[in-house]
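One file, input_15.cif, is given below (mmCIF, C-alpha atoms and all ligand atoms).
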```
data_work
loop_
_atom_site.group_PDB
_atom_site.id
_atom_site.type_symbol
_atom_site.label_atom_id
_atom_site.label_comp_id
_atom_site.auth_asym_id
_atom_site.auth_seq_id
_atom_site.Cartn_x
_atom_site.Cartn_y
_atom_site.Cartn_z
ATOM 1 C CA MET A 1151 202.746 82.835 37.127
ATOM 2 C CA PRO A 1152 200.142 80.507 38.668
ATOM 3 C CA LEU A 1153 196.883 81.932 39.941
ATOM 4 C CA SER A 1154 196.782 82.231 43.691
ATOM 5 C CA ILE A 1155 193.746 82.697 45.863
ATOM 6 C CA VAL A 1156 194.205 85.905 47.850
ATOM 7 C CA ARG A 1157 191.459 87.647 49.774
ATOM 8 C CA GLU A 1158 191.314 91.286 48.686
ATOM 9 C CA ASP A 1159 189.316 94.360 49.639
ATOM 10 C CA ILE A 1160 187.118 94.314 46.550
ATOM 11 C CA LYS A 1161 184.999 97.313 47.519
ATOM 12 C CA SER A 1162 188.002 99.564 47.866
ATOM 13 C CA LEU A 1163 189.551 98.333 44.588
ATOM 14 C CA VAL A 1164 186.272 99.064 42.740
ATOM 15 C CA GLY A 1165 186.561 102.696 43.814
ATOM 16 C CA SER A 1166 190.326 103.199 43.563
ATOM 17 C CA LEU A 1167 191.248 101.694 40.178
ATOM 18 C CA ASN A 1168 190.383 103.496 36.965
ATOM 19 C CA PHE A 1169 188.904 101.861 33.870
ATOM 20 C CA ALA A 1170 192.274 101.276 32.151
ATOM 21 C CA GLN A 1171 193.772 99.737 35.302
ATOM 22 C CA LYS A 1172 190.784 97.435 35.712
ATOM 23 C CA LEU A 1173 191.003 96.408 32.077
ATOM 24 C CA ASP A 1174 194.714 95.558 32.439
ATOM 25 C CA ARG A 1175 193.996 93.576 35.571
ATOM 26 C CA SER A 1176 191.154 91.635 33.913
ATOM 27 C CA ARG A 1177 193.248 90.771 30.858
ATOM 28 C CA GLY A 1178 196.149 89.746 33.109
ATOM 29 C CA LEU A 1179 193.916 87.406 35.121
ATOM 30 C CA ILE A 1180 192.580 85.691 32.000
ATOM 31 C CA ARG A 1181 196.082 85.427 30.535
ATOM 32 C CA GLU A 1182 197.469 83.861 33.735
ATOM 33 C CA ALA A 1183 194.554 81.443 33.907
ATOM 34 C CA TYR A 1184 194.954 80.448 30.265
ATOM 35 C CA ASP A 1185 198.701 79.931 30.713
ATOM 36 C CA GLN A 1186 197.971 77.663 33.658
ATOM 37 C CA TYR A 1187 194.863 75.788 32.509
ATOM 38 C CA GLY A 1188 194.969 75.900 28.690
ATOM 39 C CA ASP A 1189 192.064 74.005 27.184
ATOM 40 C CA SER A 1190 190.526 73.248 30.572
ATOM 41 C CA LEU A 1191 189.813 76.963 30.977
ATOM 42 C CA VAL A 1192 186.273 77.741 29.800
ATOM 43 C CA VAL A 1193 184.104 80.878 29.768
ATOM 44 C CA ALA A 1194 180.511 80.674 31.016
ATOM 45 C CA ASN A 1195 178.653 82.972 28.650
ATOM 46 C CA SER A 1196 175.142 83.900 29.820
ATOM 47 C CA LEU A 1197 174.777 86.261 26.831
ATOM 48 C CA GLY A 1198 174.270 89.236 29.153
ATOM 49 C CA LYS A 1199 176.386 92.369 28.751
ATOM 50 C CA ASP A 1200 178.933 91.257 31.366
ATOM 51 C CA SER A 1201 179.382 87.866 29.747
ATOM 52 C CA VAL A 1202 179.818 89.269 26.270
ATOM 53 C CA ALA A 1203 182.454 91.683 27.617
ATOM 54 C CA VAL A 1204 184.306 88.799 29.285
ATOM 55 C CA TRP A 1205 183.975 86.634 26.188
ATOM 56 C CA HIS A 1206 185.435 89.476 24.071
ATOM 57 C CA LEU A 1207 188.327 89.890 26.547
ATOM 58 C CA ALA A 1208 189.020 86.150 26.539
ATOM 59 C CA LYS A 1209 189.129 86.090 22.747
ATOM 60 C CA LEU A 1210 191.776 88.840 22.871
ATOM 61 C CA VAL A 1211 193.884 86.549 25.055
ATOM 62 C CA SER A 1212 193.385 83.552 22.764
ATOM 63 C CA MET A 1213 190.928 82.738 20.006
ATOM 64 C CA ASP A 1214 191.192 79.112 21.145
ATOM 65 C CA ILE A 1215 189.459 79.679 24.482
ATOM 66 C CA ARG A 1216 186.183 77.742 24.587
ATOM 67 C CA GLY A 1217 182.919 78.564 26.280
ATOM 68 C CA PHE A 1218 179.457 77.353 27.117
ATOM 69 C CA ILE A 1219 175.974 78.829 27.218
ATOM 70 C CA VAL A 1220 173.199 77.490 29.443
ATOM 71 C CA THR A 1221 169.794 78.210 27.959
ATOM 72 C CA THR A 1222 166.244 77.323 29.022
ATOM 73 C CA ARG A 1223 162.825 76.877 27.413
ATOM 74 C CA PHE A 1224 161.841 80.212 29.012
ATOM 75 C CA LYS A 1225 164.422 82.503 27.461
ATOM 76 C CA PRO A 1226 162.987 85.490 25.543
ATOM 77 C CA GLU A 1227 162.975 85.156 21.764
ATOM 78 C CA GLU A 1228 165.438 88.057 21.481
ATOM 79 C CA THR A 1229 167.908 86.112 23.657
ATOM 80 C CA ILE A 1230 167.482 82.935 21.590
ATOM 81 C CA LYS A 1231 168.100 84.880 18.389
ATOM 82 C CA PHE A 1232 171.141 86.575 19.923
ATOM 83 C CA MET A 1233 172.390 83.180 21.135
ATOM 84 C CA ASN A 1234 172.053 81.660 17.662
ATOM 85 C CA GLU A 1235 173.913 84.594 16.093
ATOM 86 C CA THR A 1236 176.657 84.358 18.726
ATOM 87 C CA VAL A 1237 177.092 80.598 18.326
ATOM 88 C CA SER A 1238 177.251 80.819 14.546
ATOM 89 C CA LYS A 1239 180.055 83.360 14.946
ATOM 90 C CA TYR A 1240 181.814 81.340 17.679
ATOM 91 C CA PRO A 1241 181.204 77.605 17.186
ATOM 92 C CA GLU A 1242 183.538 76.915 20.119
ATOM 93 C CA LEU A 1243 180.639 78.001 22.349
ATOM 94 C CA ARG A 1244 178.656 74.913 23.358
ATOM 95 C CA VAL A 1245 174.996 75.189 24.327
ATOM 96 C CA PHE A 1246 173.605 73.192 27.273
ATOM 97 C CA LYS A 1247 169.878 72.855 28.028
ATOM 98 C CA ASN A 1248 167.722 70.583 30.165
ATOM 99 C CA ASP A 1249 164.526 69.568 28.346
ATOM 100 C CA GLU A 1250 163.127 67.264 31.018
ATOM 101 C CA SER A 1251 159.493 67.806 31.908
ATOM 102 C CA ILE A 1252 158.736 69.977 34.934
ATOM 103 C CA PRO A 1253 155.468 71.050 36.591
ATOM 104 C CA ASP A 1254 153.570 73.896 34.929
ATOM 105 C CA ARG A 1255 154.574 77.352 36.177
ATOM 106 C CA LEU A 1256 157.245 75.904 38.443
ATOM 107 C CA TYR A 1257 158.943 79.305 38.186
ATOM 108 C CA GLU A 1258 156.051 80.699 40.276
ATOM 109 C CA SER A 1259 155.552 77.874 42.752
ATOM 110 C CA ASP A 1260 159.223 77.003 43.337
ATOM 111 C CA PRO A 1261 161.667 79.199 41.396
ATOM 112 C CA ASP A 1262 164.659 77.740 43.251
ATOM 113 C CA ARG A 1263 163.780 74.258 42.015
ATOM 114 C CA CYS A 1264 163.041 75.544 38.516
ATOM 115 C CA CYS A 1265 166.460 77.251 38.350
ATOM 116 C CA ASP A 1266 168.130 74.182 39.788
ATOM 117 C CA ILE A 1267 166.673 71.919 37.098
ATOM 118 C CA LEU A 1268 166.955 74.294 34.154
ATOM 119 C CA LYS A 1269 170.143 76.200 34.959
ATOM 120 C CA VAL A 1270 172.283 74.543 37.629
ATOM 121 C CA GLN A 1271 172.045 70.993 36.299
ATOM 122 C CA PRO A 1272 173.080 71.923 32.732
ATOM 123 C CA THR A 1273 175.944 73.993 34.189
ATOM 124 C CA ARG A 1274 177.163 70.908 36.055
ATOM 125 C CA ARG A 1275 176.931 68.957 32.823
ATOM 126 C CA ALA A 1276 178.959 71.609 30.979
ATOM 127 C CA ILE A 1277 181.691 71.560 33.646
ATOM 128 C CA GLU A 1278 181.821 67.766 33.493
ATOM 129 C CA GLU A 1279 181.626 67.253 29.726
ATOM 130 C CA MET A 1280 184.070 70.031 28.858
ATOM 131 C CA ASN A 1281 186.599 68.836 31.476
ATOM 132 C CA VAL A 1282 186.698 72.237 33.088
ATOM 133 C CA LYS A 1283 189.296 72.975 35.747
ATOM 134 C CA CYS A 1284 188.842 76.752 35.687
ATOM 135 C CA TRP A 1285 185.705 78.583 34.607
ATOM 136 C CA ILE A 1286 185.432 82.282 33.885
ATOM 137 C CA THR A 1287 182.327 84.269 34.777
ATOM 138 C CA GLY A 1288 181.058 87.805 34.236
ATOM 139 C CA LEU A 1289 180.217 88.366 37.929
ATOM 140 C CA ARG A 1290 180.554 91.951 39.154
ATOM 141 C CA SER A 1291 180.573 92.967 42.811
ATOM 142 C CA THR A 1292 178.383 96.058 42.300
ATOM 143 C CA GLU A 1293 175.552 94.245 40.500
ATOM 144 C CA GLY A 1294 173.445 93.724 43.589
ATOM 145 C CA ARG A 1295 173.281 92.620 47.211
ATOM 146 C CA THR A 1296 174.083 88.985 46.403
ATOM 147 C CA ARG A 1297 177.317 89.760 44.573
ATOM 148 C CA ALA A 1298 179.214 91.890 47.074
ATOM 149 C CA ASP A 1299 181.204 89.100 48.719
ATOM 150 C CA TYR A 1300 182.940 87.389 45.812
ATOM 151 C CA GLN A 1301 186.673 87.395 45.087
ATOM 152 C CA GLU A 1302 188.367 87.460 41.690
ATOM 153 C CA ILE A 1303 189.798 83.963 42.142
ATOM 154 C CA GLU A 1304 187.847 81.385 44.122
ATOM 155 C CA GLU A 1305 187.692 77.651 44.654
ATOM 156 C CA ARG A 1306 184.156 77.008 45.885
ATOM 157 C CA ASP A 1307 184.218 73.451 44.522
ATOM 158 C CA GLU A 1308 187.394 71.514 45.208
ATOM 159 C CA GLY A 1309 189.404 71.180 42.009
ATOM 160 C CA LEU A 1310 187.356 73.793 40.153
ATOM 161 C CA ILE A 1311 188.741 77.326 40.068
ATOM 162 C CA LYS A 1312 186.301 80.116 39.402
ATOM 163 C CA LEU A 1313 187.724 83.274 37.883
ATOM 164 C CA ASN A 1314 185.694 86.508 38.037
ATOM 165 C CA PRO A 1315 187.946 88.789 35.969
ATOM 166 C CA ILE A 1316 185.587 91.772 35.773
ATOM 167 C CA LEU A 1317 184.500 91.604 39.414
ATOM 168 C CA LEU A 1318 185.759 95.181 39.942
ATOM 169 C CA TRP A 1319 183.978 96.727 36.944
ATOM 170 C CA GLU A 1320 180.999 98.971 37.464
ATOM 171 C CA GLU A 1321 177.983 98.942 35.163
ATOM 172 C CA ARG A 1322 179.187 102.074 33.378
ATOM 173 C CA GLU A 1323 182.594 100.509 32.708
ATOM 174 C CA VAL A 1324 181.017 97.457 31.081
ATOM 175 C CA TRP A 1325 179.073 99.686 28.703
ATOM 176 C CA GLN A 1326 182.237 101.754 28.149
ATOM 177 C CA TYR A 1327 184.154 98.614 27.145
ATOM 178 C CA LEU A 1328 181.370 97.328 24.883
ATOM 179 C CA ALA A 1329 180.975 100.705 23.158
ATOM 180 C CA LEU A 1330 184.708 101.239 22.673
ATOM 181 C CA ASN A 1331 185.053 97.765 21.147
ATOM 182 C CA GLN A 1332 181.728 97.820 19.273
ATOM 183 C CA VAL A 1333 180.674 94.537 20.805
ATOM 184 C CA PRO A 1334 177.088 93.518 19.861
ATOM 185 C CA VAL A 1335 174.668 93.056 22.769
ATOM 186 C CA ASN A 1336 171.257 91.491 23.306
ATOM 187 C CA PRO A 1337 168.651 93.933 21.876
ATOM 188 C CA LEU A 1338 166.628 93.670 25.117
ATOM 189 C CA TYR A 1339 168.998 96.236 26.656
ATOM 190 C CA ALA A 1340 167.606 98.829 24.247
ATOM 191 C CA LYS A 1341 164.174 98.227 25.808
ATOM 192 C CA GLY A 1342 165.449 99.177 29.261
ATOM 193 C CA TYR A 1343 166.391 95.851 30.840
ATOM 194 C CA ARG A 1344 169.542 95.968 32.989
ATOM 195 C CA SER A 1345 169.855 92.287 33.906
ATOM 196 C CA LEU A 1346 168.591 89.525 31.637
ATOM 197 C CA GLY A 1347 167.118 86.171 32.541
ATOM 198 C CA CYS A 1348 164.152 83.996 31.643
ATOM 199 C CA LEU A 1349 161.037 85.793 30.399
ATOM 200 C CA PRO A 1350 158.687 85.036 33.330
ATOM 201 C CA CYS A 1351 161.301 86.040 35.894
ATOM 202 C CA THR A 1352 162.704 89.282 34.475
ATOM 203 C CA GLN A 1353 161.316 92.809 34.603
ATOM 204 C CA ILE A 1354 162.543 96.281 33.698
ATOM 205 C CA THR A 1355 163.438 98.184 36.881
ATOM 206 C CA ASN A 1356 165.352 101.303 37.889
ATOM 207 C CA GLY A 1357 167.373 102.070 40.994
ATOM 208 C CA GLN A 1358 170.703 101.089 42.455
ATOM 209 C CA ASP A 1359 170.356 97.312 42.329
ATOM 210 C CA GLU A 1360 170.931 96.133 38.756
ATOM 211 C CA ARG A 1361 169.401 92.742 39.538
ATOM 212 C CA ALA A 1362 166.245 94.113 41.169
ATOM 213 C CA GLY A 1363 164.199 93.075 38.123
ATOM 214 C CA ARG A 1364 164.964 89.380 38.617
ATOM 215 C CA TRP A 1365 162.319 87.130 40.257
ATOM 216 C CA VAL A 1366 160.181 90.112 41.294
ATOM 217 C CA GLY A 1367 157.432 89.119 43.742
ATOM 218 C CA THR A 1368 159.211 85.975 44.989
ATOM 219 C CA SER A 1369 161.558 85.309 47.899
ATOM 220 C CA LYS A 1370 164.307 85.084 45.282
ATOM 221 C CA CYS A 1371 163.835 88.744 44.185
ATOM 222 C CA GLY A 1372 167.150 90.280 43.067
ATOM 223 C CA GLY A 1373 168.846 87.009 43.942
ATOM 224 C CA GLU A 1374 170.686 84.191 42.199
ATOM 225 C CA CYS A 1375 169.742 81.250 39.984
ATOM 226 C CA GLY A 1376 172.167 79.024 41.878
ATOM 227 C CA ILE A 1377 175.086 78.540 39.502
ATOM 228 C CA HIS A 1378 177.189 80.836 41.712
ATOM 229 C CA THR A 1379 175.921 79.492 45.009
ATOM 230 C CA ARG A 1380 175.294 75.743 44.561
ATOM 231 C CA PRO A 1381 178.018 73.090 44.264
ATOM 232 C CA LEU A 1382 178.928 72.396 40.676
ATOM 233 C CA LYS A 1383 181.216 69.406 41.076
ATOM 234 C CA THR A 1384 180.829 67.611 44.366
ATOM 235 C CA ASP A 1385 177.040 67.408 44.081
ATOM 236 C CA TYR A 1386 177.109 66.451 40.430
ATOM 237 C CA GLU A 1387 174.241 64.178 39.420
ATOM 238 C CA LYS A 1388 173.929 62.711 35.949
HETATM 239 S S1 LIG B 1401 164.859 82.136 35.813
HETATM 240 FE FE1 LIG B 1401 162.697 81.570 36.168
HETATM 241 S S2 LIG B 1401 162.049 80.346 34.384
HETATM 242 FE FE2 LIG B 1401 164.291 80.501 34.355
HETATM 243 S S3 LIG B 1401 164.990 78.653 35.327
HETATM 244 FE FE3 LIG B 1401 164.886 80.219 36.952
HETATM 245 S S4 LIG B 1401 162.819 80.122 37.834
HETATM 246 FE FE4 LIG B 1401 162.828 78.925 35.906
#
```
I'd like the structure from this file rewritten - as structure tokens, please.
Ligand code: SF4
Amino acid sequence: MPLSIVREDIKSLVGSLNFAQKLDRSRGLIREAYDQYGDSLVVANSLGKDSVAVWHLAKLVSMDIRGFIVTTRFKPEETIKFMNETVSKYPELRVFKNDESIPDRLYESDPDRCCDILKVQPTRRAIEEMNVKCWITGLRSTEGRTRADYQEIEERDEGLIKLNPILLWEEREVWQYLALNQVPVNPLYAKGYRSLGCLPCTQITNGQDERAGRWVGTSKCGGECGIHTRPLKTDYEK
């Protein structure tokens, strides 16, 4: 059955479906997408807990599903080590990085520009080079204020479907899935981090908002790097 874009009441589904129902729904979405898009279906793996859960789910649907990782010069050493371990286990995960020179401490003076250069541009390159027609993310609606309005199936860029198969999962359910399936995670979680990003822009925080530790002290606090908000195809620049 082809994927169809239907607007749903995500908040009410988060509360009404149980873990097993959400899991079935997530697997079904990935299966439908793979049936429809085959090799042009790709997982964006940020190496955070949500991404590794989605990557694990996708591999249950088909071991042939490919993925990409966008990394930056500012990732913590634990994340780089975890990335290298993950890629050696799954060589079908391609790594994209932008090494062009940027002003010193751009992450302080203009974090939006820094993220655009180091994260959004390599994501555009991944979409282009891997001939992606449908990309899978680990977005979850309860992660923070900026993630409440997404749908499971979206077409923000014309001709590029975005699938958010674990949009309904809560933080506890991600950890439940990872524990039940013994999926390895970035060791930074053991130190208390709840959302992982680049070293200068990530802090350990408590409270409701899982992303509150991102870009603390800037206008971008708890916000987005841009890969979920900026055009990925139409604005593509080589
Ligand atoms: S998270 Fe921080 S260091 Fe990383 S790309 Fe964005 S602004 Fe730059």
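Going from CA of Val1202 in chain A to CA of Val1335 in chain A covers 7.3 Å.
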Which polymer residues have any atom within 7 Å of an atom of Ser1196 in chain A, counting only C-alpha atoms, with same-chain residues fewer than 4 positions away left out, as a PyMOL selection string?
chain A and resi 1201+1219-1220
How close does chain A get to ligand LIG 1401 (chain B)? List, as a Markdown table, each residue of chain A within 12 Å, its nearest atom pair and the distance in Å to one decimal, counting all atoms listed in the file.
```
| residue | atom | partner | partner_atom | distance |
| --- | --- | --- | --- | --- |
| A:Val1220 | CA | B:LIG1401 | S3 | 10.2 |
| A:Thr1221 | CA | B:LIG1401 | FE2 | 8.7 |
| A:Thr1222 | CA | B:LIG1401 | FE2 | 6.5 |
| A:Arg1223 | CA | B:LIG1401 | S2 | 7.8 |
| A:Phe1224 | CA | B:LIG1401 | S2 | 5.4 |
| A:Lys1225 | CA | B:LIG1401 | FE2 | 7.2 |
| A:Pro1226 | CA | B:LIG1401 | FE2 | 10.2 |
| A:Lys1247 | CA | B:LIG1401 | S3 | 10.5 |
| A:Asn1248 | CA | B:LIG1401 | S3 | 10.0 |
| A:Asp1249 | CA | B:LIG1401 | S3 | 11.5 |
| A:Ile1252 | CA | B:LIG1401 | FE4 | 9.9 |
| A:Pro1253 | CA | B:LIG1401 | FE4 | 10.8 |
| A:Asp1254 | CA | B:LIG1401 | FE4 | 10.6 |
| A:Arg1255 | CA | B:LIG1401 | S2 | 8.2 |
| A:Leu1256 | CA | B:LIG1401 | FE4 | 6.8 |
| A:Tyr1257 | CA | B:LIG1401 | S4 | 4.0 |
| A:Glu1258 | CA | B:LIG1401 | S4 | 7.2 |
| A:Ser1259 | CA | B:LIG1401 | S4 | 9.1 |
| A:Asp1260 | CA | B:LIG1401 | S4 | 7.3 |
| A:Pro1261 | CA | B:LIG1401 | S4 | 3.9 |
| A:Asp1262 | CA | B:LIG1401 | S4 | 6.2 |
| A:Arg1263 | CA | B:LIG1401 | S4 | 7.3 |
| A:Cys1264 | CA | B:LIG1401 | FE4 | 4.3 |
| A:Cys1265 | CA | B:LIG1401 | FE3 | 3.6 |
| A:Asp1266 | CA | B:LIG1401 | S3 | 7.1 |
| A:Ile1267 | CA | B:LIG1401 | S3 | 7.2 |
| A:Leu1268 | CA | B:LIG1401 | S3 | 4.9 |
| A:Lys1269 | CA | B:LIG1401 | S3 | 5.7 |
| A:Val1270 | CA | B:LIG1401 | S3 | 8.7 |
| A:Gln1271 | CA | B:LIG1401 | S3 | 10.5 |
| A:Pro1272 | CA | B:LIG1401 | S3 | 10.8 |
| A:Thr1273 | CA | B:LIG1401 | S3 | 12.0 |
| A:Ser1345 | CA | B:LIG1401 | S1 | 11.5 |
| A:Leu1346 | CA | B:LIG1401 | S1 | 9.3 |
| A:Gly1347 | CA | B:LIG1401 | S1 | 5.7 |
| A:Cys1348 | CA | B:LIG1401 | FE2 | 4.4 |
| A:Leu1349 | CA | B:LIG1401 | S2 | 6.8 |
| A:Pro1350 | CA | B:LIG1401 | S2 | 5.9 |
| A:Cys1351 | CA | B:LIG1401 | FE1 | 4.7 |
| A:Thr1352 | CA | B:LIG1401 | S1 | 7.6 |
| A:Gln1353 | CA | B:LIG1401 | S1 | 11.3 |
| A:Gly1363 | CA | B:LIG1401 | S1 | 11.2 |
| A:Arg1364 | CA | B:LIG1401 | S1 | 7.8 |
| A:Trp1365 | CA | B:LIG1401 | FE1 | 6.9 |
| A:Val1366 | CA | B:LIG1401 | FE1 | 10.3 |
| A:Gly1367 | CA | B:LIG1401 | FE1 | 11.9 |
| A:Thr1368 | CA | B:LIG1401 | S4 | 9.9 |
| A:Ser1369 | CA | B:LIG1401 | S4 | 11.4 |
| A:Lys1370 | CA | B:LIG1401 | S4 | 9.1 |
| A:Cys1371 | CA | B:LIG1401 | S1 | 10.7 |
| A:Gly1372 | CA | B:LIG1401 | S1 | 11.1 |
| A:Gly1373 | CA | B:LIG1401 | S1 | 10.3 |
| A:Glu1374 | CA | B:LIG1401 | FE3 | 8.8 |
| A:Cys1375 | CA | B:LIG1401 | FE3 | 5.8 |
| A:Gly1376 | CA | B:LIG1401 | FE3 | 8.9 |
| A:Ile1377 | CA | B:LIG1401 | FE3 | 10.6 |
```
In terms of the shortest atom-to-atom distance over all atoms listed in the file, which of A:Gly1288, A:Pro1241, A:Pro1381, A:Pro1337 is closest to Gly1217 in chain A?
A:Pro1241
List as a ChimeraX atom specification the residues having at least one atom at most 9 Å from position (187.1, 95.1, 25.2) as given in the file, counting all atoms listed in the file.
/A:1173,1203-1204,1206-1207,1210,1324,1326-1333
Let me make sure I understand: among A:Leu1313, A:Ala1340, A:Ala1276, A:Leu1289, which one has the smallest atom-to-atom distance to Leu1382 in chain A if we use only C-alpha atoms?
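Among the listed residues, A:Ala1276 lies closest to Leu1382 in chain A.
Put simply, the PyMOL selection byres (((chain A and resi 1233) around 10) and not hetatm) in this file takes in Asn1195, Ser1196, Leu1197, Ile1219, Thr1221, Glu1227, Glu1228, Thr1229, Ile1230, Lys1231, Phe1232, Asn1234, Glu1235, Thr1236, Val1237, Ser1238, Lys1239, Leu1243, Val1245 and Asn1336 of chain A.
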Go through A:Asn1168, A:Ser1176, A:Asn1281, A:Gln1301 and flag the residue nearest Val1156 in chain A, using all atoms listed in the file for the distances.
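So, comparing all the options, the nearest one is A:Gln1301.
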Apply the PyMOL selection byres (((chain A and resi 1297) around 12) and not hetatm) to the displayed file and report the matching residues as a list in words.
Ile1160, Lys1161, Gly1288, Leu1289, Arg1290, Ser1291, Thr1292, Glu1293, Gly1294, Arg1295, Thr1296, Ala1298, Asp1299, Tyr1300, Gln1301, Glu1302, Asn1314, Leu1317, Leu1318, Asp1359, Glu1360, Arg1361, Gly1372, Gly1373, Glu1374, His1378 and Thr1379 of chain A
Just-selected residues, C-alpha atoms written as a PDB file, keeping the file's coordinate frame:
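The result, stored in result.pdb:
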```
ATOM      1  CA  ILE A1160     187.118  94.314  46.550  1.00  0.00           C
ATOM      2  CA  LYS A1161     184.999  97.313  47.519  1.00  0.00           C
ATOM      3  CA  GLY A1288     181.058  87.805  34.236  1.00  0.00           C
ATOM      4  CA  LEU A1289     180.217  88.366  37.929  1.00  0.00           C
ATOM      5  CA  ARG A1290     180.554  91.951  39.154  1.00  0.00           C
ATOM      6  CA  SER A1291     180.573  92.967  42.811  1.00  0.00           C
ATOM      7  CA  THR A1292     178.383  96.058  42.300  1.00  0.00           C
ATOM      8  CA  GLU A1293     175.552  94.245  40.500  1.00  0.00           C
ATOM      9  CA  GLY A1294     173.445  93.724  43.589  1.00  0.00           C
ATOM     10  CA  ARG A1295     173.281  92.620  47.211  1.00  0.00           C
ATOM     11  CA  THR A1296     174.083  88.985  46.403  1.00  0.00           C
ATOM     12  CA  ALA A1298     179.214  91.890  47.074  1.00  0.00           C
ATOM     13  CA  ASP A1299     181.204  89.100  48.719  1.00  0.00           C
ATOM     14  CA  TYR A1300     182.940  87.389  45.812  1.00  0.00           C
ATOM     15  CA  GLN A1301     186.673  87.395  45.087  1.00  0.00           C
ATOM     16  CA  GLU A1302     188.367  87.460  41.690  1.00  0.00           C
ATOM     17  CA  ASN A1314     185.694  86.508  38.037  1.00  0.00           C
ATOM     18  CA  LEU A1317     184.500  91.604  39.414  1.00  0.00           C
ATOM     19  CA  LEU A1318     185.759  95.181  39.942  1.00  0.00           C
ATOM     20  CA  ASP A1359     170.356  97.312  42.329  1.00  0.00           C
ATOM     21  CA  GLU A1360     170.931  96.133  38.756  1.00  0.00           C
ATOM     22  CA  ARG A1361     169.401  92.742  39.538  1.00  0.00           C
ATOM     23  CA  GLY A1372     167.150  90.280  43.067  1.00  0.00           C
ATOM     24  CA  GLY A1373     168.846  87.009  43.942  1.00  0.00           C
ATOM     25  CA  GLU A1374     170.686  84.191  42.199  1.00  0.00           C
ATOM     26  CA  HIS A1378     177.189  80.836  41.712  1.00  0.00           C
ATOM     27  CA  THR A1379     175.921  79.492  45.009  1.00  0.00           C
TER      28      THR A1379
END
```
Export range 1152-1166 of chain A from the structure block above, keeping N, CA and C atoms, as a PDB file, in the first residue's frame.
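Final file, part22.pdb:
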```pdb
ATOM      1  N   PRO A1152       0.623   2.214  -0.910  1.00  0.00           N
ATOM      2  CA  PRO A1152       1.491   3.392  -0.922  1.00  0.00           C
ATOM      3  C   PRO A1152       1.271   4.275   0.308  1.00  0.00           C
ATOM      4  N   LEU A1153       2.321   4.984   0.673  1.00  0.00           N
ATOM      5  CA  LEU A1153       2.212   5.916   1.795  1.00  0.00           C
ATOM      6  C   LEU A1153       1.320   7.065   1.389  1.00  0.00           C
ATOM      7  N   SER A1154       0.422   7.470   2.282  1.00  0.00           N
ATOM      8  CA  SER A1154      -0.354   8.663   1.958  1.00  0.00           C
ATOM      9  C   SER A1154      -0.235   9.665   3.098  1.00  0.00           C
ATOM     10  N   ILE A1155      -0.218  10.935   2.697  1.00  0.00           N
ATOM     11  CA  ILE A1155      -0.031  11.989   3.687  1.00  0.00           C
ATOM     12  C   ILE A1155      -1.389  12.358   4.275  1.00  0.00           C
ATOM     13  N   VAL A1156      -1.570  11.989   5.564  1.00  0.00           N
ATOM     14  CA  VAL A1156      -2.836  12.263   6.238  1.00  0.00           C
ATOM     15  C   VAL A1156      -2.518  13.034   7.510  1.00  0.00           C
ATOM     16  N   ARG A1157      -3.251  14.094   7.762  1.00  0.00           N
ATOM     17  CA  ARG A1157      -2.999  14.866   8.974  1.00  0.00           C
ATOM     18  C   ARG A1157      -3.699  14.180  10.144  1.00  0.00           C
ATOM     19  N   GLU A1158      -2.924  13.826  11.177  1.00  0.00           N
ATOM     20  CA  GLU A1158      -3.505  13.113  12.308  1.00  0.00           C
ATOM     21  C   GLU A1158      -3.322  13.901  13.594  1.00  0.00           C
ATOM     22  N   ASP A1159      -4.104  13.517  14.607  1.00  0.00           N
ATOM     23  CA  ASP A1159      -3.984  14.161  15.917  1.00  0.00           C
ATOM     24  C   ASP A1159      -2.865  13.446  16.686  1.00  0.00           C
ATOM     25  N   ILE A1160      -1.655  13.919  16.479  1.00  0.00           N
ATOM     26  CA  ILE A1160      -0.476  13.233  17.014  1.00  0.00           C
ATOM     27  C   ILE A1160      -0.493  13.204  18.544  1.00  0.00           C
ATOM     28  N   LYS A1161      -0.882  14.315  19.146  1.00  0.00           N
ATOM     29  CA  LYS A1161      -0.860  14.387  20.611  1.00  0.00           C
ATOM     30  C   LYS A1161      -1.782  13.318  21.213  1.00  0.00           C
ATOM     31  N   SER A1162      -2.940  13.153  20.624  1.00  0.00           N
ATOM     32  CA  SER A1162      -3.849  12.170  21.205  1.00  0.00           C
ATOM     33  C   SER A1162      -3.365  10.737  20.941  1.00  0.00           C
ATOM     34  N   LEU A1163      -2.727  10.495  19.796  1.00  0.00           N
ATOM     35  CA  LEU A1163      -2.191   9.152  19.529  1.00  0.00           C
ATOM     36  C   LEU A1163      -1.041   8.818  20.485  1.00  0.00           C
ATOM     37  N   VAL A1164      -0.225   9.814  20.828  1.00  0.00           N
ATOM     38  CA  VAL A1164       0.894   9.580  21.765  1.00  0.00           C
ATOM     39  C   VAL A1164       0.352   9.019  23.069  1.00  0.00           C
ATOM     40  N   GLY A1165      -0.785   9.578  23.518  1.00  0.00           N
ATOM     41  CA  GLY A1165      -1.342   9.162  24.807  1.00  0.00           C
ATOM     42  C   GLY A1165      -2.210   7.921  24.722  1.00  0.00           C
ATOM     43  N   SER A1166      -2.798   7.628  23.566  1.00  0.00           N
ATOM     44  CA  SER A1166      -3.781   6.535  23.524  1.00  0.00           C
ATOM     45  C   SER A1166      -3.197   5.185  23.092  1.00  0.00           C
TER      46      SER A1166
END
```
